[in-house]
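Undergrad: Let me give you the structure first, and then I'll get to my questions.
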Amino acid sequence: MKLTDLNIVQAHQGLIKKEFSALELTKAFLNKIKEKNKENFAYLTVVKNSALSQAKKVDDLILEGKELPLLAGIPLAVKDVILAEGVKCTAGSKILENYIAPYDATVIKKLKGKGAVILGKTNLDEFAMGSSTENSAFGPTRNPHDLTRVPGGSSGGSAAAVAANECIYALGSDTGGSIRLPASFCGTVGLKPTYGAVSRYGLIAFGSSLDQIGPMTKTIEDCKIVFEAIKGRDDMDSTSVEIPKIKNRKLPAQGWSASGGKIKNLRIGIPKEYFTKGIDPEVEKVIKEAIKKYQDLGAKIEEVSLPHTEYALPAYYIINPSEASANLARYDGIKYGYSVAGGQQPATGNLLDVYLQSRGEGFGEEVRRRIMLGTYSLSAGYYQAYYLRAQKVRTLVKNDFEKVFKKVDCLLTPTSPFLPFKIGERIEDPLSMYLVDVYTVSVNLVGLPALSLPCGQVHHLPVGLQIIGRPFEEDKILAIGQVFEKI
Amino acid sequence: MVSKKDYNLSSTSSRLRRAPVEHIAKLARLSLSKKELGKLQKDLSSILDYIEKLKKVDIKKAKVYSHQWLGENIMRDDQESKKLKMENKKLLELAPKIKDGYLKVKSIIKPATGGRR
């Protein structure tokens, strides 16, 4: 087995058994990136020197015979919307092309504290706005399974890097499906944690009532390890919480169990609204086979209804751009980022001209579209008809989920209605791109945890199964996913 | 479930006229070319047509959304937290124009003729 084929658990074992050094491991990945990045463009920035010096430190620890944390010496990739001190953080945008992160995001601080080796920063749709990674100002990432197809988005670079063995695991962010969709398209595992489970300090803000950081990995075991390492309350993010001990919460060991190839007392809901027109029949077939496997093992399968499903996407496309337009007001050409005031020949005119021109020139097409849509939804006279209405529909979507979660332990759905599509196929029509998120946005609107795991292939292209859980039941959906992984 | 058939892809709906698009661009502080404004007018109109769907939902009894597990405000002590000199320096270095440790910006109001500059 090549070093770059290893997962976290295997690489950790190799390090403590001294089968290879952390330096050798990191070098193997740097070489892999050198070879693969030309064709898939997963990485925007590679930080070779700091990766090598971090690996060296871990080797010293091993030599001293110190106990080695699971993530020590394990190379990872970071979506370029999460700050790592001293490293460029572009958000895939021209407006932040030369921005050097002045501090570490909390998740990066936590991983560095465990001795993690950061290899570099991965490509994404500009400001995480997109479902294909084609909206990056620096060019699209390509799907390692078929280079003519998209890797999904917006964390497409992170997913492609994991799939092409250019890192052992990666961090992504998920606002409407941006971890799960690329995980599905690239055949990796991706977890969108419960809203509040992971600190977002140092994540470039997009839709603040929706955004979450999460792991993208090769196995569910790895996903658990990374989630455990990054979760928890943080003083720097007032929306972050300690995972509460919910009363009567049925932990895997108490409520249901899976052992010896049998599942006991597990109730799985299949939302019928996710299996109507619009889904690729070949994708549907693979998902149904996966559901059948759970049934064969002894899980109780129940059809359930989430009646407001078809309204989740239009509500999302009001709430998301509204929040984005407010969050992106900070890019004004004054404090940091691209500015017409900073060039050799300073722009003439007044302060307003600096705002107008810096933003008009610095932002790409999709970002401008969302800022415009959000500004419109929030403007006087339209606020009630759009934003307020969407926030009420959001409550109805939440009520749907609360109701079904009284009956079932989790929901199984496809992650995407389609297979990975061709580069260029949807980019000209923004609405057709928005429809790609149809199975993932509800989870963000309600703040639930959801996992995407590979469950089969159609024409050699991966298909992802989505497992949606109750708030803060990450451990449960991961355990349920592991049952499938082990079949 | 939504599909391509649910909206007209070649929609030439003119829900949004040009003037409001220009107004919104100004509110959003975006300087856009005529061509870009035209494209946005078309794109936003078709997205808004799709969003019209929400009018079919009965929201009379629905409350505005809030995350159920974030029921209380999280406060910190009202204490000044001073940035270290080094941190300050790093942040200022990111700005396009600085002077004496401050951000320097263009004039907001034009000085009156003959007035002090």
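Simple scheme: letters A, B, ... for chains in structure tokens order, numbers from 1 for residues in each chain, numbers from 1 for ligands in the order shown.
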For A:Leu52, work out the shell of residues within 9 Å, counting only C-alpha atoms and skipping chain neighbours fewer than 3 positions away, then give it as an MDAnalysis selection string.

TA: chainID A and resid 22:23 26:27 47:49 55:57 117 119

Undergrad: May I have the residues of chain B within 6 Å of chain A, counting only C-alpha atoms, written as a list in words?

TA: Met1, Ser3, Arg29, Leu30, Ser31, Leu32, Ile51, Ala62, Lys63, Val64, Tyr65, Leu94, Ala95, Pro96, Lys106, Ser107 and Ile108 of chain B

Undergrad: Could you pull out all residues of stretch 6-117 of chain B with a DSSP call of strand (DSSP E) and give them as a count of residues only?

TA: 4

Undergrad: Write out as a PyMOL selection string which residues come within 9 Å of A:Thr175 when counting only C-alpha atoms, dropping same-chain ones fewer than 6 positions away.

TA: chain A and resi 128-129+192+206-213+320+441+444-445

Undergrad: Those same residues - N, CA and C atoms - I'd like them written as a PDB file, in the first residue's frame.

TA:
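File written: out_7.pdb
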```pdb
ATOM      1  N   ALA A 128     -17.708  30.512  -1.420  1.00  0.00           N
ATOM      2  CA  ALA A 128     -18.510  29.287  -1.197  1.00  0.00           C
ATOM      3  C   ALA A 128     -19.879  29.351  -1.865  1.00  0.00           C
ATOM      4  N   MET A 129     -20.027  30.247  -2.861  1.00  0.00           N
ATOM      5  CA  MET A 129     -21.309  30.395  -3.542  1.00  0.00           C
ATOM      6  C   MET A 129     -21.328  29.580  -4.830  1.00  0.00           C
ATOM      7  N   LYS A 192     -21.743  17.405   7.690  1.00  0.00           N
ATOM      8  CA  LYS A 192     -22.163  18.754   8.055  1.00  0.00           C
ATOM      9  C   LYS A 192     -22.698  18.647   9.485  1.00  0.00           C
ATOM     10  N   PHE A 206     -20.476  33.663   5.309  1.00  0.00           N
ATOM     11  CA  PHE A 206     -21.286  33.663   4.080  1.00  0.00           C
ATOM     12  C   PHE A 206     -22.754  33.801   4.501  1.00  0.00           C
ATOM     13  N   GLY A 207     -23.385  32.727   4.962  1.00  0.00           N
ATOM     14  CA  GLY A 207     -24.759  32.793   5.465  1.00  0.00           C
ATOM     15  C   GLY A 207     -24.720  32.406   6.934  1.00  0.00           C
ATOM     16  N   SER A 208     -24.737  33.394   7.820  1.00  0.00           N
ATOM     17  CA  SER A 208     -24.370  33.111   9.207  1.00  0.00           C
ATOM     18  C   SER A 208     -25.363  32.251   9.980  1.00  0.00           C
ATOM     19  N   SER A 209     -26.612  32.147   9.531  1.00  0.00           N
ATOM     20  CA  SER A 209     -27.535  31.250  10.231  1.00  0.00           C
ATOM     21  C   SER A 209     -27.472  29.841   9.626  1.00  0.00           C
ATOM     22  N   LEU A 210     -26.584  29.638   8.654  1.00  0.00           N
ATOM     23  CA  LEU A 210     -26.517  28.366   7.917  1.00  0.00           C
ATOM     24  C   LEU A 210     -25.144  27.702   7.949  1.00  0.00           C
ATOM     25  N   ASP A 211     -24.079  28.509   7.987  1.00  0.00           N
ATOM     26  CA  ASP A 211     -22.707  28.004   7.829  1.00  0.00           C
ATOM     27  C   ASP A 211     -22.288  27.026   8.928  1.00  0.00           C
ATOM     28  N   GLN A 212     -21.612  25.958   8.550  1.00  0.00           N
ATOM     29  CA  GLN A 212     -20.915  25.095   9.501  1.00  0.00           C
ATOM     30  C   GLN A 212     -19.635  24.560   8.863  1.00  0.00           C
ATOM     31  N   ILE A 213     -18.595  24.365   9.679  1.00  0.00           N
ATOM     32  CA  ILE A 213     -17.363  23.723   9.220  1.00  0.00           C
ATOM     33  C   ILE A 213     -17.487  22.233   9.508  1.00  0.00           C
ATOM     34  N   ASN A 320     -30.293  32.834   2.163  1.00  0.00           N
ATOM     35  CA  ASN A 320     -28.856  32.785   1.903  1.00  0.00           C
ATOM     36  C   ASN A 320     -28.324  34.079   1.262  1.00  0.00           C
ATOM     37  N   VAL A 441     -30.359  21.600   1.169  1.00  0.00           N
ATOM     38  CA  VAL A 441     -30.566  22.894   1.848  1.00  0.00           C
ATOM     39  C   VAL A 441     -31.463  22.824   3.087  1.00  0.00           C
ATOM     40  N   ASN A 444     -29.623  22.645   6.341  1.00  0.00           N
ATOM     41  CA  ASN A 444     -29.031  23.897   6.813  1.00  0.00           C
ATOM     42  C   ASN A 444     -30.085  24.859   7.348  1.00  0.00           C
ATOM     43  N   LEU A 445     -31.234  24.893   6.689  1.00  0.00           N
ATOM     44  CA  LEU A 445     -32.296  25.785   7.164  1.00  0.00           C
ATOM     45  C   LEU A 445     -32.684  25.434   8.593  1.00  0.00           C
TER      46      LEU A 445
END
```

Undergrad: For each of B:Ile74, B:Leu40, B:Ser33, B:Met86, take the minimum atom-to-atom distance to B:Arg18, counting only C-alpha atoms, then give the residue where this is smallest.

TA: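 Result for the nearest residue to B:Arg18: B:Leu40.
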
Undergrad: Among stretch 49-182 of chain A, which ones does DSSP place in alpha helix (DSSP H), written as an NGL selection string?

TA: :A and (49-63 or 106-113 or 156-163 or 180-182)

Undergrad: Identify, on the basis of only C-alpha atoms, every residue whose closest approach to A:Tyr201 does not exceed 7 Å; exclude the query and any residue fewer than 2 positions from it along the same chain; express the result as a PyMOL selection string.

TA: chain A and resi 105-106+199+203+236-237

Undergrad: Write out as a PyMOL selection string which residues come within 8 Å of A:Pro215 when counting only C-alpha atoms, dropping same-chain ones fewer than 4 positions away.

TA: chain A and resi 169-172+190-192+223+226-227
